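Participant: Below is coords-v3.cif; it holds mmCIF, C-alpha atoms.
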```cif
data_upload
#
loop_
_atom_site.group_PDB
_atom_site.id
_atom_site.type_symbol
_atom_site.label_atom_id
_atom_site.label_comp_id
_atom_site.auth_asym_id
_atom_site.auth_seq_id
_atom_site.Cartn_x
_atom_site.Cartn_y
_atom_site.Cartn_z
ATOM 1 C CA MET U 1 117.353 88.157 179.317
ATOM 2 C CA THR U 2 117.682 89.909 182.674
ATOM 3 C CA SER U 3 121.035 90.989 184.018
ATOM 4 C CA ARG U 4 122.224 90.411 187.530
ATOM 5 C CA LEU U 5 122.553 94.090 188.278
ATOM 6 C CA THR U 6 121.642 94.988 191.835
ATOM 7 C CA ASP U 7 118.583 97.147 192.365
ATOM 8 C CA ALA U 8 120.862 100.091 193.104
ATOM 9 C CA GLU U 9 122.858 99.610 189.908
ATOM 10 C CA LEU U 10 119.675 99.303 187.912
ATOM 11 C CA VAL U 11 118.220 102.498 189.366
ATOM 12 C CA ALA U 12 121.463 104.371 188.712
ATOM 13 C CA ARG U 13 121.361 103.316 185.065
ATOM 14 C CA CYS U 14 117.702 104.299 184.746
ATOM 15 C CA ARG U 15 118.554 107.714 186.095
ATOM 16 C CA GLU U 16 121.182 108.065 183.394
ATOM 17 C CA GLY U 17 118.468 107.498 180.800
ATOM 18 C CA ASP U 18 119.290 103.890 179.943
ATOM 19 C CA GLU U 19 116.068 102.616 178.362
ATOM 20 C CA GLU U 20 117.083 98.967 178.576
ATOM 21 C CA ALA U 21 117.700 99.366 182.284
ATOM 22 C CA TRP U 22 114.261 100.881 182.654
ATOM 23 C CA ALA U 23 112.661 97.959 180.820
ATOM 24 C CA GLU U 24 114.538 95.615 183.124
ATOM 25 C CA LEU U 25 113.395 97.476 186.211
ATOM 26 C CA VAL U 26 109.791 97.195 185.031
ATOM 27 C CA GLU U 27 110.268 93.498 184.314
ATOM 28 C CA ARG U 28 111.929 92.887 187.688
ATOM 29 C CA PHE U 29 109.130 94.459 189.709
ATOM 30 C CA SER U 30 106.086 93.989 187.476
ATOM 31 C CA ARG U 31 104.917 90.796 189.176
ATOM 32 C CA TYR U 32 105.362 92.328 192.606
ATOM 33 C CA VAL U 33 103.370 95.477 191.808
ATOM 34 C CA TYR U 34 100.684 93.417 190.076
ATOM 35 C CA ALA U 35 100.403 91.040 193.017
ATOM 36 C CA ILE U 36 100.091 93.856 195.551
ATOM 37 C CA ALA U 37 97.230 95.358 193.570
ATOM 38 C CA VAL U 38 95.385 92.147 192.743
ATOM 39 C CA GLN U 39 96.118 89.893 195.705
ATOM 40 C CA GLY U 40 96.894 92.389 198.450
ATOM 41 C CA PHE U 41 94.091 94.827 197.724
ATOM 42 C CA ARG U 42 91.895 92.711 195.460
ATOM 43 C CA LEU U 43 91.496 95.472 192.891
ATOM 44 C CA SER U 44 89.560 94.773 189.715
ATOM 45 C CA GLU U 45 91.639 94.266 186.565
ATOM 46 C CA GLN U 46 90.757 97.770 185.372
ATOM 47 C CA ASP U 47 91.748 99.423 188.647
ATOM 48 C CA ALA U 48 94.829 97.238 188.928
ATOM 49 C CA GLU U 49 95.949 98.281 185.452
ATOM 50 C CA ASP U 50 95.510 101.963 186.304
ATOM 51 C CA VAL U 51 97.477 101.524 189.517
ATOM 52 C CA PHE U 52 100.170 99.479 187.756
ATOM 53 C CA GLN U 53 100.735 102.131 185.089
ATOM 54 C CA GLU U 54 100.586 104.953 187.605
ATOM 55 C CA VAL U 55 103.168 103.264 189.831
ATOM 56 C CA PHE U 56 105.680 102.992 187.013
ATOM 57 C CA ALA U 57 104.892 106.447 185.624
ATOM 58 C CA ARG U 58 105.529 108.025 189.032
ATOM 59 C CA THR U 59 108.597 105.911 189.568
ATOM 60 C CA TYR U 60 110.004 107.071 186.259
ATOM 61 C CA GLU U 61 109.294 110.702 187.073
ATOM 62 C CA ARG U 62 110.574 110.564 190.614
ATOM 63 C CA LEU U 63 113.665 108.395 190.463
ATOM 64 C CA ASP U 64 115.708 111.490 191.254
ATOM 65 C CA ARG U 65 113.961 111.806 194.590
ATOM 66 C CA LEU U 66 114.870 108.335 195.775
ATOM 67 C CA ARG U 67 117.232 108.842 198.706
ATOM 68 C CA GLU U 68 118.916 105.471 198.324
ATOM 69 C CA ASP U 69 118.960 103.596 195.043
ATOM 70 C CA SER U 70 118.859 100.262 196.849
ATOM 71 C CA ALA U 71 115.567 101.284 198.479
ATOM 72 C CA VAL U 72 113.608 101.124 195.246
ATOM 73 C CA ARG U 73 111.839 97.944 196.281
ATOM 74 C CA PRO U 74 110.224 99.160 199.530
ATOM 75 C CA TRP U 75 109.599 102.475 197.806
ATOM 76 C CA LEU U 76 107.679 100.738 195.021
ATOM 77 C CA ALA U 77 105.757 98.679 197.542
ATOM 78 C CA GLN U 78 104.733 101.772 199.483
ATOM 79 C CA LEU U 79 103.776 103.678 196.354
ATOM 80 C CA THR U 80 101.669 100.771 195.096
ATOM 81 C CA ARG U 81 100.056 100.411 198.487
ATOM 82 C CA ASN U 82 99.165 104.106 198.651
ATOM 83 C CA LEU U 83 97.683 104.133 195.166
ATOM 84 C CA CYS U 84 95.649 100.992 195.897
ATOM 85 C CA VAL U 85 94.292 102.524 199.101
ATOM 86 C CA ASP U 86 93.377 105.712 197.217
ATOM 87 C CA ARG U 87 91.566 103.644 194.627
ATOM 88 C CA LEU U 88 89.660 101.658 197.248
ATOM 89 C CA ARG U 89 88.619 104.830 199.026
ATOM 90 C CA GLU U 90 87.371 106.342 195.777
ATOM 91 C CA ARG U 91 85.332 103.208 195.163
ATOM 92 C CA ALA U 92 84.021 103.162 198.731
ATOM 93 C CA ARG U 93 82.387 106.543 198.136
ATOM 94 C CA VAL U 94 80.282 105.011 195.403
ATOM 95 C CA GLU U 95 79.622 101.528 196.726
ATOM 96 C CA PRO U 96 80.289 99.911 200.098
ATOM 97 C CA THR U 97 83.379 97.721 200.091
ATOM 98 C CA GLU U 98 84.641 95.378 202.740
ATOM 99 C CA ASP U 99 87.571 96.613 204.714
ATOM 100 C CA ILE U 100 90.329 95.221 202.546
ATOM 101 C CA GLU U 101 92.964 97.649 203.737
ATOM 102 C CA THR U 102 93.269 96.041 207.133
ATOM 103 C CA GLY U 103 93.748 92.562 205.730
ATOM 104 C CA ALA U 104 96.333 93.613 203.165
ATOM 105 C CA ASP U 105 99.361 93.917 205.437
ATOM 106 C CA GLU U 106 99.745 90.193 205.984
ATOM 107 C CA THR U 107 99.486 89.496 202.266
ATOM 108 C CA LEU U 108 102.015 92.223 201.529
ATOM 109 C CA ALA U 109 104.517 90.609 203.898
ATOM 110 C CA GLU U 110 104.055 87.314 202.055
ATOM 111 C CA LEU U 111 104.527 89.029 198.710
ATOM 112 C CA ASP U 112 107.704 90.636 199.942
ATOM 113 C CA LEU U 113 109.004 87.237 200.876
ATOM 114 C CA ALA U 114 107.824 85.882 197.538
ATOM 115 C CA LEU U 115 109.969 88.500 195.818
ATOM 116 C CA ASP U 116 113.015 87.242 197.747
ATOM 117 C CA VAL U 117 112.221 83.768 196.492
ATOM 118 C CA ARG U 118 111.720 85.108 192.980
ATOM 119 C CA GLU U 119 115.186 86.665 193.061
ATOM 120 C CA ALA U 120 116.625 83.321 194.147
ATOM 121 C CA LEU U 121 114.703 81.639 191.324
ATOM 122 C CA GLU U 122 116.121 83.999 188.725
ATOM 123 C CA ALA U 123 119.601 83.551 190.148
ATOM 124 C CA LEU U 124 119.261 79.815 189.491
ATOM 125 C CA GLY U 125 118.939 80.551 185.779
ATOM 126 C CA ASP U 126 117.481 78.220 183.180
ATOM 127 C CA PRO U 127 116.352 75.522 182.938
ATOM 128 C CA CYS U 128 115.291 75.644 186.617
ATOM 129 C CA SER U 129 113.962 79.175 186.463
ATOM 130 C CA ASP U 130 111.811 78.441 183.428
ATOM 131 C CA LEU U 131 110.662 75.086 184.729
ATOM 132 C CA LEU U 132 109.549 76.368 188.127
ATOM 133 C CA ASP U 133 107.912 79.417 186.622
ATOM 134 C CA ARG U 134 105.903 77.322 184.192
ATOM 135 C CA PHE U 135 104.751 74.933 186.857
ATOM 136 C CA PHE U 136 104.013 77.247 189.767
ATOM 137 C CA CYS U 137 103.195 80.574 188.088
ATOM 138 C CA ARG U 138 101.664 79.563 184.786
ATOM 139 C CA ASP U 139 99.934 76.421 186.012
ATOM 140 C CA GLU U 140 101.338 74.281 183.218
ATOM 141 C CA SER U 141 101.036 70.556 183.870
ATOM 142 C CA TYR U 142 103.951 68.090 183.839
ATOM 143 C CA ARG U 143 102.558 66.883 180.543
ATOM 144 C CA THR U 144 102.444 70.355 178.944
ATOM 145 C CA ILE U 145 105.925 71.256 180.126
ATOM 146 C CA GLY U 146 107.186 67.865 179.012
ATOM 147 C CA GLU U 147 105.702 68.291 175.544
ATOM 148 C CA GLY U 148 107.499 71.606 175.187
ATOM 149 C CA LEU U 149 110.810 70.174 176.287
ATOM 150 C CA GLU U 150 110.296 66.759 174.685
ATOM 151 C CA LEU U 151 110.675 64.999 177.998
ATOM 152 C CA PRO U 152 108.380 62.537 179.784
ATOM 153 C CA PRO U 153 106.178 63.972 182.556
ATOM 154 C CA GLY U 154 107.985 61.915 185.192
ATOM 155 C CA THR U 155 111.269 63.546 184.270
ATOM 156 C CA ILE U 156 109.694 66.974 184.608
ATOM 157 C CA ALA U 157 108.466 66.098 188.103
ATOM 158 C CA SER U 158 111.899 64.973 189.222
ATOM 159 C CA ARG U 159 113.574 68.018 187.677
ATOM 160 C CA ILE U 160 111.166 70.337 189.471
ATOM 161 C CA SER U 161 112.006 68.600 192.707
ATOM 162 C CA ARG U 162 115.749 68.939 192.060
ATOM 163 C CA CYS U 163 115.366 72.613 191.174
ATOM 164 C CA LEU U 164 113.468 73.256 194.397
ATOM 165 C CA ALA U 165 116.230 71.497 196.328
ATOM 166 C CA LYS U 166 118.793 73.773 194.652
ATOM 167 C CA MET U 167 116.750 76.786 195.618
ATOM 168 C CA ARG U 168 116.585 75.632 199.203
ATOM 169 C CA VAL U 169 120.354 75.417 199.361
ATOM 170 C CA GLN U 170 120.651 78.869 197.888
ATOM 171 C CA LEU U 171 118.119 80.398 200.263
ATOM 172 C CA GLU U 172 119.571 78.642 203.294
ATOM 173 C CA GLY U 173 122.936 80.087 202.314
ATOM 174 C CA ARG U 174 121.479 83.546 202.794
ATOM 175 C CA ASN U 175 121.158 82.712 206.468
ATOM 176 C CA ASP U 176 117.590 83.837 206.910
ATOM 177 C CA GLY U 177 114.304 82.046 206.786
ATOM 178 C CA PRO U 178 110.822 82.982 205.676
ATOM 179 C CA ALA U 179 109.821 84.231 209.087
ATOM 180 C CA ALA U 180 112.951 86.334 209.462
ATOM 181 C CA SER U 181 112.554 88.250 206.230
ATOM 182 C CA GLY U 182 108.793 88.433 205.984
ATOM 183 C CA GLY U 183 108.181 91.691 207.759
ATOM 184 C CA ARG U 184 110.502 93.950 205.859
ATOM 185 C CA MET R 1 106.826 67.685 205.893
ATOM 186 C CA SER R 2 110.290 69.063 206.539
ATOM 187 C CA ALA R 3 110.938 71.369 209.488
ATOM 188 C CA ASN R 4 113.053 73.510 207.210
ATOM 189 C CA PRO R 5 111.339 76.875 206.700
ATOM 190 C CA TRP R 6 112.178 76.630 203.005
ATOM 191 C CA ASN R 7 110.472 73.291 202.473
ATOM 192 C CA GLU R 8 109.369 72.448 198.952
ATOM 193 C CA GLU R 9 105.697 73.047 199.552
ATOM 194 C CA ARG R 10 106.333 76.501 200.969
ATOM 195 C CA LEU R 11 108.738 77.374 198.179
ATOM 196 C CA GLY R 12 106.217 76.316 195.569
ATOM 197 C CA PHE R 13 103.550 78.419 197.240
ATOM 198 C CA LEU R 14 105.786 81.498 197.369
ATOM 199 C CA ILE R 15 106.913 81.095 193.757
ATOM 200 C CA GLY R 16 103.269 80.855 192.700
ATOM 201 C CA LEU R 17 102.342 84.109 194.438
ATOM 202 C CA LEU R 18 104.133 86.251 191.875
ATOM 203 C CA ARG R 19 102.353 85.517 188.655
ATOM 204 C CA PRO R 20 103.207 87.441 185.514
ATOM 205 C CA ALA R 21 101.449 90.736 185.002
ATOM 206 C CA PRO R 22 99.602 90.980 181.685
ATOM 207 C CA GLN R 23 102.176 91.381 178.922
ATOM 208 C CA GLY R 24 100.530 94.510 177.534
ATOM 209 C CA TRP R 25 100.822 96.275 180.883
ATOM 210 C CA VAL R 26 104.498 95.441 181.158
ATOM 211 C CA GLU R 27 105.190 96.571 177.607
ATOM 212 C CA ALA R 28 103.352 99.848 178.133
ATOM 213 C CA ALA R 29 105.322 100.576 181.309
ATOM 214 C CA SER R 30 108.581 99.582 179.614
ATOM 215 C CA GLN R 31 107.970 102.088 176.844
ATOM 216 C CA LEU R 32 107.555 105.035 179.211
ATOM 217 C CA PRO R 33 110.888 106.688 178.355
ATOM 218 C CA ARG R 34 110.065 106.712 174.653
ATOM 219 C CA LEU R 35 106.479 107.833 175.273
ATOM 220 C CA ARG R 36 107.742 110.713 177.386
ATOM 221 C CA LEU R 37 109.996 111.858 174.569
ATOM 222 C CA VAL R 38 107.107 111.745 172.098
ATOM 223 C CA LEU R 39 104.838 113.717 174.441
ATOM 224 C CA ASP R 40 107.561 116.262 175.229
ATOM 225 C CA ASP R 41 108.166 116.772 171.534
ATOM 226 C CA LEU R 42 104.460 117.194 170.710
ATOM 227 C CA VAL R 43 103.924 119.661 173.545
ATOM 228 C CA GLU R 44 107.012 121.647 172.583
ATOM 229 C CA ARG R 45 105.914 121.878 168.943
ATOM 230 C CA ALA R 46 102.397 122.846 170.021
ATOM 231 C CA GLN R 47 103.795 125.676 172.122
ATOM 232 C CA ALA R 48 105.864 126.974 169.245
ATOM 233 C CA ASP R 49 103.314 126.621 166.453
ATOM 234 C CA ALA R 50 99.658 127.608 166.848
ATOM 235 C CA ALA R 51 98.568 125.838 163.675
ATOM 236 C CA PHE R 52 100.205 122.620 164.795
ATOM 237 C CA ARG R 53 98.574 122.991 168.192
ATOM 238 C CA ALA R 54 95.127 123.374 166.602
ATOM 239 C CA THR R 55 95.634 120.260 164.469
ATOM 240 C CA LEU R 56 96.952 118.349 167.453
ATOM 241 C CA ILE R 57 94.052 119.249 169.726
ATOM 242 C CA ALA R 58 91.538 118.434 166.991
ATOM 243 C CA ASP R 59 92.600 114.803 166.982
ATOM 244 C CA LEU R 60 94.982 113.733 169.729
ATOM 245 C CA GLU R 61 94.660 110.061 168.900
ATOM 246 C CA ALA R 62 95.648 110.572 165.282
ATOM 247 C CA ALA R 63 98.582 112.751 166.337
ATOM 248 C CA LEU R 64 99.897 110.045 168.632
ATOM 249 C CA ALA R 65 99.389 107.385 165.986
ATOM 250 C CA ARG R 66 101.353 109.508 163.507
ATOM 251 C CA GLU R 67 104.243 109.450 165.959
ATOM 252 C CA GLY R 68 104.122 105.659 165.954
ATOM 253 C CA VAL R 69 102.602 105.462 169.410
ATOM 254 C CA GLU R 70 99.484 103.533 170.323
ATOM 255 C CA PRO R 71 96.954 106.147 171.464
ATOM 256 C CA THR R 72 95.815 104.468 174.681
ATOM 257 C CA PRO R 73 93.189 106.343 176.725
ATOM 258 C CA ARG R 74 95.809 106.940 179.437
ATOM 259 C CA LEU R 75 98.238 108.503 176.972
ATOM 260 C CA VAL R 76 95.552 110.627 175.329
ATOM 261 C CA ARG R 77 94.488 111.893 178.787
ATOM 262 C CA GLU R 78 98.054 112.752 179.650
ATOM 263 C CA LEU R 79 98.618 114.652 176.434
ATOM 264 C CA GLN R 80 95.329 116.464 176.912
ATOM 265 C CA THR R 81 96.368 117.506 180.424
ATOM 266 C CA ARG R 82 99.738 118.727 179.269
ATOM 267 C CA LEU R 83 98.196 120.793 176.498
ATOM 268 C CA SER R 84 95.540 122.400 178.683
#
```
As structure tokens, how would this structure be written, given the file I've shared?
Facilitator:
Amino acid sequence: MTSRLTDAELVARCREGDEEAWAELVERFSRYVYAIAVQGFRLSEQDAEDVFQEVFARTYERLDRLREDSAVRPWLAQLTRNLCVDRLRERARVEPTEDIETGADETLAELDLALDVREALEALGDPCSDLLDRFFCRDESYRTIGEGLELPPGTIASRISRCLAKMRVQLEGRNDGPAASGGR
Amino acid sequence: MSANPWNEERLGFLIGLLRPAPQGWVEAASQLPRLRLVLDDLVERAQADAAFRATLIADLEAALAREGVEPTPRLVRELQTRLS
């Protein structure tokens, strides 16, 4: 479904008007943008949706202004952050809100790291990618996953464990650890 | 627990942080290039044809629907802004 184009290659194709590349860029970063809004800044679903759509609308309009195509990821993170802060400040005028902005930075660093892990997950391909996504992101039980794949729950558990071990090898091969890449 | 920074528990936690965004949001964002073309076309025709502009402004939602586009509040607002 998704290609293994680098971020820079994907951005270059989007700039050329490639609609499939655009859809892939949205898909690649949709979880990240969503998580920043909902987990980092704890926006309501309505506000998070507005921010989400605004982030991608502005990205689409301003791709030409990106100095380096490979920098799309931190650029998206910063744009999402700014729009979330704007939204919180608008809300704070109407009703008092706790100071979420100050607590967001730590969560954002974790989400950045989570995106590294996500890239490693997608590089693994199926069935590992699907299996781990179902279990950790969609909260499907061993039983539910097993029913879908016609496998016993115990087999699912051992496959998840093997897939995680594969991921570890892949991430260790990158020669950095969670702490080293968390503060990008 | 393993001393490895990428231990299974930590990996599972990090994978679980990035949950899927609602499908409708992703689809709407994915369709931006096409939506832009539709809006550009409507605005251009409205600038060239006063009668078309009047019909368009009278019912923006219907105009968008006629173009095969779901008239979401966001899209209607955007068209409204571009026509004003």
Participant: For a cutoff of 8 Å around the file-coordinate point (111.3, 105.5, 179.1), which residues qualify once you count all atoms listed in the file? I'd like the result as a list in words.
Facilitator: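 Within 8 Å of (111.3, 105.5, 179.1), the protein and nucleic acid residues are Gly17, Glu19, Trp22, Ala23 and Tyr60 of chain U; Ser30, Gln31, Leu32, Pro33, Arg34, Leu35, Arg36 and Leu37 of chain R.
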Participant: Would you write out those residues with C-alpha atoms, as a tab-separated table (two decimals), keeping the file's coordinate frame?
Facilitator:
```tsv
chain	number	residue	atom	x	y	z
U	17	GLY	CA	118.47	107.50	180.80
U	19	GLU	CA	116.07	102.62	178.36
U	22	TRP	CA	114.26	100.88	182.65
U	23	ALA	CA	112.66	97.96	180.82
U	60	TYR	CA	110.00	107.07	186.26
R	30	SER	CA	108.58	99.58	179.61
R	31	GLN	CA	107.97	102.09	176.84
R	32	LEU	CA	107.56	105.04	179.21
R	33	PRO	CA	110.89	106.69	178.36
R	34	ARG	CA	110.06	106.71	174.65
R	35	LEU	CA	106.48	107.83	175.27
R	36	ARG	CA	107.74	110.71	177.39
R	37	LEU	CA	110.00	111.86	174.57
```
Participant: Here's a test: counting all atoms listed in the file, identify every protein, DNA and RNA residue with an atom at most 10 Å from (117.1, 109.0, 189.9) in the file's coordinate frame, and state them as a PyMOL selection string.
Facilitator: chain U and resi 11-17+59-69
Participant: How would the residues just chosen look if you wrote them out with C-alpha atoms as a tab-separated table (two decimals), keeping the file's coordinate frame?
Facilitator:
```tsv
chain	number	residue	atom	x	y	z
U	11	VAL	CA	118.22	102.50	189.37
U	12	ALA	CA	121.46	104.37	188.71
U	13	ARG	CA	121.36	103.32	185.06
U	14	CYS	CA	117.70	104.30	184.75
U	15	ARG	CA	118.55	107.71	186.10
U	16	GLU	CA	121.18	108.06	183.39
U	17	GLY	CA	118.47	107.50	180.80
U	59	THR	CA	108.60	105.91	189.57
U	60	TYR	CA	110.00	107.07	186.26
U	61	GLU	CA	109.29	110.70	187.07
U	62	ARG	CA	110.57	110.56	190.61
U	63	LEU	CA	113.66	108.40	190.46
U	64	ASP	CA	115.71	111.49	191.25
U	65	ARG	CA	113.96	111.81	194.59
U	66	LEU	CA	114.87	108.34	195.78
U	67	ARG	CA	117.23	108.84	198.71
U	68	GLU	CA	118.92	105.47	198.32
U	69	ASP	CA	118.96	103.60	195.04
```
Participant: Sorted by chain and rising residue number, list the residues of chain R at most 10 Å from chain U (counting all atoms listed in the file), each with its closest atom pair and distance in Å to one decimal, as a tab-separated table.
Facilitator:
```
residue	atom	partner	partner_atom	distance
R:Asn4	CA	U:Gly177	CA	8.6
R:Pro5	CA	U:Gly177	CA	6.0
R:Trp6	CA	U:Arg168	CA	5.9
R:Asn7	CA	U:Arg168	CA	7.3
R:Glu8	CA	U:Leu164	CA	6.2
R:Glu9	CA	U:Leu164	CA	9.3
R:Arg10	CA	U:Pro178	CA	9.2
R:Leu11	CA	U:Leu164	CA	7.3
R:Gly12	CA	U:Phe136	CA	6.3
R:Phe13	CA	U:Phe136	CA	7.6
R:Leu14	CA	U:Ala114	CA	4.8
R:Ile15	CA	U:Ala114	CA	6.2
R:Gly16	CA	U:Cys137	CA	4.6
R:Leu17	CA	U:Ala114	CA	6.5
R:Leu18	CA	U:Arg31	CA	5.3
R:Arg19	CA	U:Cys137	CA	5.0
R:Pro20	CA	U:Arg31	CA	5.3
R:Ala21	CA	U:Arg31	CA	5.4
R:Pro22	CA	U:Tyr34	CA	8.8
R:Gln23	CA	U:Ser30	CA	9.8
R:Gly24	CA	U:Glu49	CA	9.9
R:Trp25	CA	U:Glu49	CA	7.0
R:Val26	CA	U:Ser30	CA	6.7
R:Glu27	CA	U:Ala23	CA	8.3
R:Ala28	CA	U:Gln53	CA	7.8
R:Ala29	CA	U:Gln53	CA	6.1
R:Ser30	CA	U:Ala23	CA	4.6
R:Gln31	CA	U:Ala23	CA	7.4
R:Leu32	CA	U:Ala57	CA	7.1
R:Pro33	CA	U:Glu19	CA	6.6
R:Arg34	CA	U:Glu19	CA	8.2
R:Arg36	CA	U:Ala57	CA	9.7
R:Arg74	CA	U:Asp50	CA	8.5
```
Participant: How would you write, as number ranges by chain, the residues chosen by the PyMOL selection byres ((chain R and resi 53) around 12) on this structure?
Facilitator: R: 41-52, 54-60, 63, 79-80, 82-84
Participant: Could you please determine the separation between atom CA of Asp7 of chain U and atom CA of Ser70 of chain U in Å, to one decimal place?
Facilitator: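 Between these atoms lies a distance of 5.5 Å.
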Participant: Using all atoms listed in the file, pick whichever of U:Asp47, U:Glu150, U:Glu122, U:Glu106 has the shortest atom-to-atom distance to Arg91 of chain U.
Facilitator: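 So, comparing all the options, the nearest one is U:Asp47.
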Participant: Kindly give the distance, in Å, that separates atom CA of Ser129 of chain U and atom CA of Ser44 of chain U, rounded to a single decimal.
Facilitator: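 Here the two named atoms are 29.1 Å from each other.
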